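Structure first, commentary second.
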Amino acid sequence: MEAPPDNDVLWARSLHFTHRDGSPGLTGISLGVREGEILAVSGPRGSGKTTLLRCLSGLVPVRSGEVWFNSAPVHTLGPMARERLRRDRFGWIDPEPVLVPELNVWENAALPLMLRGAGRRRSKAAALEWLERLDIGDKARSRPRALRHAERQRVAIARALAPGPTVLFADEPTAPLHRADRTHVLRTLTSAARSHGITVVLATHDPDTAALADRTVALLDGRRVHTVQLPDTPDTEGRAACSLSV
Amino acid sequence: MLALRLTRAARPAVQLRRLLVAAAAAGTGFLLLSCLGYALKHPQAAGSAALRLSWCAGPLAATVYLALAVARTDPATRPRTGMSAVGLGPARLMAVSALTTALSCTLGSMLALLVFLHLRGDLSGLPFDGAAADFLAAGLPLPAPAVLTLLAVLPATATTTVAVALRPKDPRPLRREPRRFGRFGATGGASARESFGAYGRFGARSGGRTGRNTAAVGQAGSPAAEGALPAAGDPPAAGGRVPGAAAVPERDGTSPAPDGTTAADSPAPDAAPAGTRPGTAPAGLPWGIALVTAGLAVQAYAGRPVPVPAPAVLLGWLLTGTGLVLAAPGLTHLCGRLLQTSRPGALRLLSGRVLMTEAARIGRPLGVVCAVASTGYALTALDDGSSRTFGPLSALAALVVAGCTVATLLTVAVEARQCRADTTAALLRLGATATLLRGAAALRAVALLVLFGPLTVAVAALSALPQAG
């Protein structure tokens, strides 16, 4: 194994993870995320992208293996310390924009800052600035239910970016969107991250999305692979040769 | 069978709630049966027996209310993803929850019958055998049809109420439009533009009604706009849904839903009662205040030192209680609004806004609890003066009513928590501490207590004042 370079902000060594029901999640993944880069974690559905992101961000404890953030171990931290780390250093974007439906848009975006103990005025200013930058500043006072799906996703991105996280984990942020909205959301996300030097770990199964990233790590069945080449399915499968006695 | 299987494999908390329903049903059934015993013992006093029977309406209503709240909270009858595909759609789930309710209510009724027979002395071999034999008309033969009818009242009412309340509703709103007349006065939608003669050509003479015309054209021209209307432009439609799950059903107009089942069947059974837009206050507050003051005024006019509750006093209590129930959602909303005023931080913002959104759901049972508590307070204040004391049956009735209302309030709180489960999970992913969420919940409870406790005491003291003095 190569030694991690000094500018790696986050790295993992031989991560193993098993889900609670015993199904295998990750089997021996090692990777490093350099500072300020956009790293795409690609792979088909069920290949362990979300699990890897959850392990890296400390949402779930790993079974064996190591996760290091800024030369400090994450895998040995307790739940409270991991929660504090997540709140102070990490951002997270869900595939579904889960906003708090009772708060309006700018309050949603300012919520992480308020949770960190920042003042209301500062939080509001930062949230409004990010909403403006993501083209939803005119809807800052409306409720999430009055927004369309792509707009809600942009609010979720603003919420993740507003506290200025060191690492931003985006778990298929564009999966339920149409292609036009998808391009818009991705472009705003990547340009914002590049202009502010935020490291992004982006899980995606879409090669077009992965092309926006600096580097791509391909996963298959919980392992890191260098090429995803699945054998072609034969044409006759399921049609002519349908037989139960095989 | 499916209902039985789902009933058996539930968590202890769910079973506890169902047992609460069974216990309440047992209490109500015993009250009904003891009315029958009184009527058997005193065949000449038919009016008095009918009055006793009518007093059973209170415990009956409270039990049905509790059964409805428990059925709403029941996770076994919640629409799950993918269950619609195997034939467990909303209608079937309604049937399952009605059957579960019937099961627990029938269990309670059977229990009531057993206790009744035991206390009469018909079943021997246990302690307290025939302890209330004289009271419950022992020695007289028990008419089986009467017993069955009385015992069937509660399960039938509760099952019907649950089935009606949880029936599958169309998630699309009923669009109310003012009735328009089409061309030449024919009835029908004027969605197409007037295209006849000079009036329709080139948009002539349409200057005064541009808004209406453009709206009509937009509706007729693009089905996409029509499909997106419930999602984007129709907030009252979204208000009836679960706030936590609002992200799921609203998606259908704007983007492809990953699986069509969740969008179709998620909002149906747990729609908030009398849902309003979260930003707007529930509308019942003025009516509630008016009814409360009217009830207090009626009691003040009826305020003579009377030995028995006169009909006017009863009417006053009824008016006051209805007013409290009507006013409580508005007061809850007001409470939340007060919590989040003047530069709130995360704690006050979360607790206040959640209270404002859940006002319709939480407020109604809270008002019922307030009404019951104030009535009980006034009754005890009145009872000190006169010599009449509570019998065991009155105590049982009071216990059933109070227990049912408090249990309903707690069950509704559980339901609200279930509906906000995914929002809570998102907040935790965001880094909110569990302490903060618990603090927000405690702050909500304290705020409600601070507002509603003195209110209850004040209403009770005011309604007891004329009779006492």
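Ordered as shown in the structure tokens, chains take letters A, B, and onward, while each chain numbers its residues from 1 and ligands are numbered from 1 in the order shown.
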
Write out, as JSON lines, each residue of chain A that has an atom at most 6 Å from chain B, together with the closest pair of atoms and their distance in Å to one decimal, counting only C-alpha atoms, rows going by chain and rising number.
```
{"residue": "A:Glu83", "atom": "CA", "partner": "B:Gly431", "partner_atom": "CA", "distance": 5.9}
{"residue": "A:Arg87", "atom": "CA", "partner": "B:Gly431", "partner_atom": "CA", "distance": 4.4}
{"residue": "A:Val100", "atom": "CA", "partner": "B:Thr423", "partner_atom": "CA", "distance": 6.0}
{"residue": "A:Glu102", "atom": "CA", "partner": "B:Arg353", "partner_atom": "CA", "distance": 5.5}
{"residue": "A:Met114", "atom": "CA", "partner": "B:Ala346", "partner_atom": "CA", "distance": 5.5}
{"residue": "A:Ala146", "atom": "CA", "partner": "B:Ala232", "partner_atom": "CA", "distance": 5.4}
```

Q | All residues 7 Å or closer to Thr166 of chain A, only C-alpha atoms, same chain fewer than 2 positions away omitted, as a list in words | A |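 Returned residues: Arg89, Phe90, Gly164, Leu168, Ile198 and Thr199 of chain A.
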
Q.
At a cut-off of 8 Å, using only C-alpha atoms, what residues contact segment 187-190 of chain A? Leave out same-chain residues fewer than 2 positions from it and give the result as an MDAnalysis selection string.
A. chainID A and resid 38 134 157 183:185 192:194 212

Writing out the chosen residues with C-alpha atoms as a PDB file, in the first residue's frame:
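Final file, out_31.pdb:
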```
ATOM      1  CA  ILE A  38     -13.795  16.627  -6.034  1.00  0.00           C
ATOM      2  CA  LEU A 134     -27.587  29.105  -5.960  1.00  0.00           C
ATOM      3  CA  ILE A 157     -26.990  22.129  -1.116  1.00  0.00           C
ATOM      4  CA  THR A 183     -26.773  19.723 -14.807  1.00  0.00           C
ATOM      5  CA  HIS A 184     -27.741  22.924 -13.055  1.00  0.00           C
ATOM      6  CA  VAL A 185     -27.517  21.413  -9.584  1.00  0.00           C
ATOM      7  CA  ALA A 192     -19.193  26.522  -5.279  1.00  0.00           C
ATOM      8  CA  ALA A 193     -16.937  23.815  -3.928  1.00  0.00           C
ATOM      9  CA  ARG A 194     -14.042  24.803  -6.186  1.00  0.00           C
ATOM     10  CA  LEU A 212     -17.139  16.585 -13.549  1.00  0.00           C
TER      11      LEU A 212
END
```

Q.
Give me, as JSON, numbers by chain, all polymer residues having an atom no more than 7 Å from Ala158 of chain A, counting only C-alpha atoms and skipping those fewer than 3 positions away in the same chain.
A. {"A": [109, 130, 131, 154, 155, 161, 162]}

**Q.** DSSP-assigned alpha helix (DSSP H) members of segment 18-244 of chain A, reported as number ranges by chain
**A.** A: 49-56, 79-89, 105-115, 120-133, 149-161, 179-196, 207-210

Q. So how far away is atom CA of Val406 of chain B from atom CA of Gly284 of chain B, in Å?
A.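 Those two atoms sit 21.9 Å apart.
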
Q: If you run DSSP over the backbone, which residues in segment 3-32 of chain A end up strand (DSSP E)? Put them as a VMD selection string.
A: chain A and resid 8 to 18 24 to 32

Q.
List the spatial neighbours of Glu172 of chain A as a PyMOL selection string - criterion: any atom at most 8 Å away, only C-alpha atoms, same-chain residues fewer than 3 positions off excluded.
A. chain A and resi 94-95+175+202-205

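Among the candidates A:Ala180, A:Ala150, A:Leu219, A:Leu128, the one nearest to Thr51 of chain A when counting only C-alpha atoms is A:Leu219.
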
Q | Close residues, segment 29-33 of chain B itself excluded, 6 Å, only C-alpha atoms, min 5 positions apart in chain, as a list in words | A | Ser109, Ala112 and Leu151 of chain B

(Q) Neighbouring residues of Ala294 of chain B were defined as those with any atom within 12 Å, considering only C-alpha atoms; residues of the same chain fewer than 4 positions away were excluded. Please report them as a ChimeraX atom specification. (A) /B:287-290,298-301,312-313,315-324,463

Just to be explicit: take each residue in the selection above, keep C-alpha atoms, and write the result as a CSV table (one decimal), in the first residue's frame.
```
chain,number,residue,atom,x,y,z
B,287,TRP,CA,-65.8,30.6,17.6
B,288,GLY,CA,-64.2,28.8,20.5
B,289,ILE,CA,-63.9,32.0,22.6
B,290,ALA,CA,-67.4,33.0,21.7
B,298,VAL,CA,-75.4,30.7,30.7
B,299,GLN,CA,-73.9,29.2,33.8
B,300,ALA,CA,-73.9,32.6,35.5
B,301,TYR,CA,-77.6,33.1,34.6
B,312,ALA,CA,-79.0,25.3,32.1
B,313,VAL,CA,-75.9,24.4,34.0
B,315,LEU,CA,-75.9,23.4,28.7
B,316,GLY,CA,-73.4,25.9,30.0
B,317,TRP,CA,-70.8,23.1,30.6
B,318,LEU,CA,-71.5,21.7,27.2
B,319,LEU,CA,-71.0,25.1,25.5
B,320,THR,CA,-67.8,25.8,27.5
B,321,GLY,CA,-66.4,22.4,26.7
B,322,THR,CA,-67.1,22.7,23.0
B,323,GLY,CA,-65.6,26.2,23.0
B,324,LEU,CA,-62.5,24.9,24.6
B,463,SER,CA,-67.9,28.1,35.9
```

**Q.** Point-to-point distance in Å for atom CA of Glu66 of chain A and atom CA of Leu39 of chain A
**A.**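 For atom CA of Leu39 of chain A relative to atom CA of Glu66 of chain A, the distance reads 19.0 Å.
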